[in-house]
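Undergrad: Questions regarding the structure given below will be posed in turn.
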Amino acid sequence: AQTVTQSQPEMSVQEAETVTLSCTYDTSESDYYLFWYKQPPSRQMILVIRQEAYKQQNATENRFSVNFQKAAKSFSLKISDSQLGDAAMYFCAYRSAYNTDKLIFGTGTRLQVFP
Amino acid sequence: NAGVMQNPRHLVRRRGQEARLRCSPMKGHSHVYWYRQLPEEGLKFMVYLQKENIIDESGMPKERFSAEFPKEGPSILRIQQVVRGDSAAYFCASSLTGFNTEAFFGQGTRLTVV
């Protein structure tokens, strides 16, 4: 069975600075997808970024980028030029490429952004 | 284009009552997933349904919980005889084909059992 681990319950960053959120996962599958979701106080789950395991290039979406290390089964999220609106819970998630669209989530990291 | 719609947003039930949570998928989507988020935890998969079929219910508690996705109308997650431990946020997500397509989430229903 696949598992996703987020070892940082809380992180904080100053506005305009950079922060990295960690995620590791365990799987025996060779092809899969990894995601970072943002959950603000409104509870809406917002997809931040997606990485396909067979792509070596790290995904980037504006100020958000990932460091995907397949051999180490590591998938960290870097937020550059942090903004107050980035404050939220961040969840790392795994999806098999062989199965349904079912997602397996980590326990989340609460990010605080200070002015 | 309406997104995934869940209602109600908040639901309060007394212990022993029934809770019914509704999810209307995105237009054109016929695959629905239900997740539960306990306080201070991540989302946990409960069940995956296509129209009129339960495909994967490996995350559903064995008793008191059931789900359906009829040919017409929303998907329903039903919790009978609720207990305090059922208090959580319940999220629905829908996808186009159920395989290698993005899942879109609703805003969730927060169930409080008093």
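Note on naming: chains are A, B, ... as they come in the structure tokens, residues start from 1 per chain, ligands start from 1 in the order shown.
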Residues of chain A within 6 Å of chain B, using only C-alpha atoms, as an MDAnalysis selection string?

TA: chainID A and resid 44 100:101 105:108

Undergrad: Let's have the selection written as a PDB file, in the first residue's frame, with C-alpha atoms.

TA:
```pdb
ATOM      1  CA  GLN A  44     -11.663  24.529  -0.442  1.00  0.00           C
ATOM      2  CA  THR A 100      -8.414   5.015 -10.286  1.00  0.00           C
ATOM      3  CA  ASP A 101      -8.177   8.732  -9.552  1.00  0.00           C
ATOM      4  CA  PHE A 105      -2.950  12.349   1.296  1.00  0.00           C
ATOM      5  CA  GLY A 106      -0.345  13.236   3.875  1.00  0.00           C
ATOM      6  CA  THR A 107      -1.336  14.769   7.187  1.00  0.00           C
ATOM      7  CA  GLY A 108      -0.594  18.303   6.073  1.00  0.00           C
TER       8      GLY A 108
END
```

Undergrad: Residues within 8 Å of Val12 in chain B, please, as a JSON list (two decimals) with C-alpha atoms, in the first residue's frame. Count only C-alpha atoms; anything in the same chain fewer than 5 positions from it doesn't count.

TA:
```json
[["chain", "number", "residue", "atom", "x", "y", "z"],
["B", 111, "LEU", "CA", -20.64, 17.55, 10.14],
["B", 112, "THR", "CA", -20.91, 18.23, 13.85],
["B", 113, "VAL", "CA", -22.46, 15.62, 16.11],
["B", 114, "VAL", "CA", -23.68, 16.97, 19.43]]
```

Undergrad: Just want the 9 Å neighbourhood of Ser66 in chain B, counted on only C-alpha atoms, with same-chain residues fewer than 4 positions away dropped. Output as a PyMOL selection string.

TA: chain B and resi 60-62+76-80

Undergrad: How would the residues just picked look written out with N, CA and C atoms as a PDB file, in the first residue's frame?

TA:
```pdb
ATOM      1  N   MET B  60     -14.459   2.798   3.476  1.00  0.00           N
ATOM      2  CA  MET B  60     -15.720   3.020   4.196  1.00  0.00           C
ATOM      3  C   MET B  60     -15.761   2.209   5.485  1.00  0.00           C
ATOM      4  N   PRO B  61     -16.165   2.833   6.581  1.00  0.00           N
ATOM      5  CA  PRO B  61     -16.411   2.039   7.799  1.00  0.00           C
ATOM      6  C   PRO B  61     -17.451   0.960   7.495  1.00  0.00           C
ATOM      7  N   LYS B  62     -17.305  -0.153   8.169  1.00  0.00           N
ATOM      8  CA  LYS B  62     -18.140  -1.324   7.833  1.00  0.00           C
ATOM      9  C   LYS B  62     -19.597  -1.108   8.205  1.00  0.00           C
ATOM     10  N   ILE B  76     -24.983  10.627  -2.763  1.00  0.00           N
ATOM     11  CA  ILE B  76     -25.367  10.793  -1.359  1.00  0.00           C
ATOM     12  C   ILE B  76     -24.451   9.941  -0.495  1.00  0.00           C
ATOM     13  N   LEU B  77     -23.896  10.562   0.536  1.00  0.00           N
ATOM     14  CA  LEU B  77     -23.192   9.824   1.588  1.00  0.00           C
ATOM     15  C   LEU B  77     -24.097   9.840   2.801  1.00  0.00           C
ATOM     16  N   ARG B  78     -24.431   8.662   3.277  1.00  0.00           N
ATOM     17  CA  ARG B  78     -25.398   8.545   4.353  1.00  0.00           C
ATOM     18  C   ARG B  78     -24.719   7.942   5.579  1.00  0.00           C
ATOM     19  N   ILE B  79     -24.909   8.583   6.711  1.00  0.00           N
ATOM     20  CA  ILE B  79     -24.363   8.072   7.965  1.00  0.00           C
ATOM     21  C   ILE B  79     -25.536   7.868   8.916  1.00  0.00           C
ATOM     22  N   GLN B  80     -25.752   6.632   9.289  1.00  0.00           N
ATOM     23  CA  GLN B  80     -26.859   6.328  10.198  1.00  0.00           C
ATOM     24  C   GLN B  80     -26.370   6.336  11.646  1.00  0.00           C
TER      25      GLN B  80
END
```

Undergrad: Let's see if you can do this: from backbone DSSP, list all strand (DSSP E or B) residues in chain B, as a PyMOL selection string.

TA: chain B and resi 5-7+10-13+19-24+31-37+43-50+53-56+65-68+75-79+88-95+104-105+109-113

Undergrad: How far is it from CA of Tyr94 in chain A to CA of Gln39 in chain A, in Å with one decimal?

TA: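 CA of Gln39 in chain A lies 16.4 Å from CA of Tyr94 in chain A.
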
Undergrad: Could you name the residues that touch range 11-27 of chain A at 9 Å or less, counting only C-alpha atoms, but leaving out those on the same chain fewer than 2 positions away, as a PyMOL selection string?

TA: chain A and resi 1-9+29-30+66+72-84+87+90-94+106+109-115

Undergrad: CA of Lys55 in chain A and CA of Leu103 in chain A are how many Å apart?

TA: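 Pair CA of Lys55 in chain A / CA of Leu103 in chain A returns 19.4 Å.
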
Undergrad: With only C-alpha atoms as the atoms that count, which of A:Asp31, A:Pro41, A:Asn99, A:Met89 lies nearest to Tyr54 in chain A?

TA: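 Of A:Asp31, A:Pro41, A:Asn99, A:Met89, the one nearest Tyr54 in chain A is A:Asp31, counting only C-alpha atoms.
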
Undergrad: Using only C-alpha atoms, which residues sit within 10 Å of Ser24 in chain B once same-chain residues fewer than 2 positions away are excluded, as number ranges by chain?

TA: B: 2-7, 22, 26-27, 29-30, 32, 69, 73-76, 92-94, 106

Undergrad: Could the residues in this selection be written to a file with N, CA and C atoms, as an mmCIF file, in the first residue's frame?

TA:
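Output file out.cif is given in full below:
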```cif
data_model
loop_
_atom_site.group_PDB
_atom_site.id
_atom_site.type_symbol
_atom_site.label_atom_id
_atom_site.label_comp_id
_atom_site.auth_asym_id
_atom_site.auth_seq_id
_atom_site.Cartn_x
_atom_site.Cartn_y
_atom_site.Cartn_z
ATOM 1 N N ALA B 2 -20.373 25.289 -13.389
ATOM 2 C CA ALA B 2 -20.369 25.107 -11.950
ATOM 3 C C ALA B 2 -19.353 24.038 -11.596
ATOM 4 N N GLY B 3 -18.710 24.227 -10.466
ATOM 5 C CA GLY B 3 -17.776 23.224 -9.974
ATOM 6 C C GLY B 3 -18.535 22.140 -9.250
ATOM 7 N N VAL B 4 -17.822 21.401 -8.416
ATOM 8 C CA VAL B 4 -18.442 20.361 -7.608
ATOM 9 C C VAL B 4 -19.218 21.041 -6.483
ATOM 10 N N MET B 5 -20.475 20.691 -6.372
ATOM 11 C CA MET B 5 -21.336 21.343 -5.380
ATOM 12 C C MET B 5 -21.688 20.359 -4.281
ATOM 13 N N GLN B 6 -21.404 20.774 -3.051
ATOM 14 C CA GLN B 6 -21.764 19.949 -1.906
ATOM 15 C C GLN B 6 -22.747 20.713 -1.032
ATOM 16 N N ASN B 7 -23.724 20.018 -0.546
ATOM 17 C CA ASN B 7 -24.616 20.640 0.434
ATOM 18 C C ASN B 7 -25.125 19.596 1.418
ATOM 19 N N ARG B 22 -24.785 15.575 0.370
ATOM 20 C CA ARG B 22 -25.028 15.514 -1.065
ATOM 21 C C ARG B 22 -23.863 16.088 -1.855
ATOM 22 N N MET B 26 -19.062 17.884 -11.163
ATOM 23 C CA MET B 26 -18.947 18.843 -12.258
ATOM 24 C C MET B 26 -19.715 18.323 -13.464
ATOM 25 N N LYS B 27 -20.168 19.240 -14.277
ATOM 26 C CA LYS B 27 -20.923 18.868 -15.469
ATOM 27 C C LYS B 27 -20.079 17.929 -16.335
ATOM 28 N N HIS B 29 -19.016 14.998 -15.522
ATOM 29 C CA HIS B 29 -18.277 14.014 -14.720
ATOM 30 C C HIS B 29 -19.233 12.948 -14.193
ATOM 31 N N SER B 30 -18.813 11.689 -14.326
ATOM 32 C CA SER B 30 -19.661 10.617 -13.811
ATOM 33 C C SER B 30 -18.939 9.768 -12.780
ATOM 34 N N VAL B 32 -17.274 9.867 -8.899
ATOM 35 C CA VAL B 32 -17.316 10.623 -7.652
ATOM 36 C C VAL B 32 -16.531 9.894 -6.571
ATOM 37 N N PHE B 69 -24.826 6.698 -5.889
ATOM 38 C CA PHE B 69 -24.733 7.686 -6.967
ATOM 39 C C PHE B 69 -25.730 7.240 -8.020
ATOM 40 N N GLY B 73 -29.539 12.647 -10.370
ATOM 41 C CA GLY B 73 -29.396 13.289 -9.074
ATOM 42 C C GLY B 73 -28.004 13.167 -8.501
ATOM 43 N N PRO B 74 -27.814 13.788 -7.333
ATOM 44 C CA PRO B 74 -26.476 13.843 -6.744
ATOM 45 C C PRO B 74 -26.065 12.526 -6.104
ATOM 46 N N SER B 75 -24.799 12.433 -5.782
ATOM 47 C CA SER B 75 -24.310 11.342 -4.960
ATOM 48 C C SER B 75 -24.655 11.660 -3.503
ATOM 49 N N ILE B 76 -24.983 10.627 -2.763
ATOM 50 C CA ILE B 76 -25.367 10.793 -1.359
ATOM 51 C C ILE B 76 -24.451 9.941 -0.495
ATOM 52 N N CYS B 92 -16.203 15.784 -1.296
ATOM 53 C CA CYS B 92 -16.512 15.052 -2.513
ATOM 54 C C CYS B 92 -15.613 15.586 -3.625
ATOM 55 N N ALA B 93 -15.151 14.700 -4.479
ATOM 56 C CA ALA B 93 -14.399 15.104 -5.664
ATOM 57 C C ALA B 93 -14.968 14.368 -6.863
ATOM 58 N N SER B 94 -14.894 14.983 -8.019
ATOM 59 C CA SER B 94 -15.367 14.298 -9.223
ATOM 60 C C SER B 94 -14.283 14.344 -10.298
ATOM 61 N N GLY B 106 -15.184 19.601 -4.114
ATOM 62 C CA GLY B 106 -16.170 20.512 -3.574
ATOM 63 C C GLY B 106 -15.628 21.178 -2.319
#
```

Undergrad: Kindly give the distance, in Å, that separates CA of Asn53 in chain B and CA of Arg20 in chain B, rounded to a single decimal.

TA: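 So the answer is 18.5 Å.
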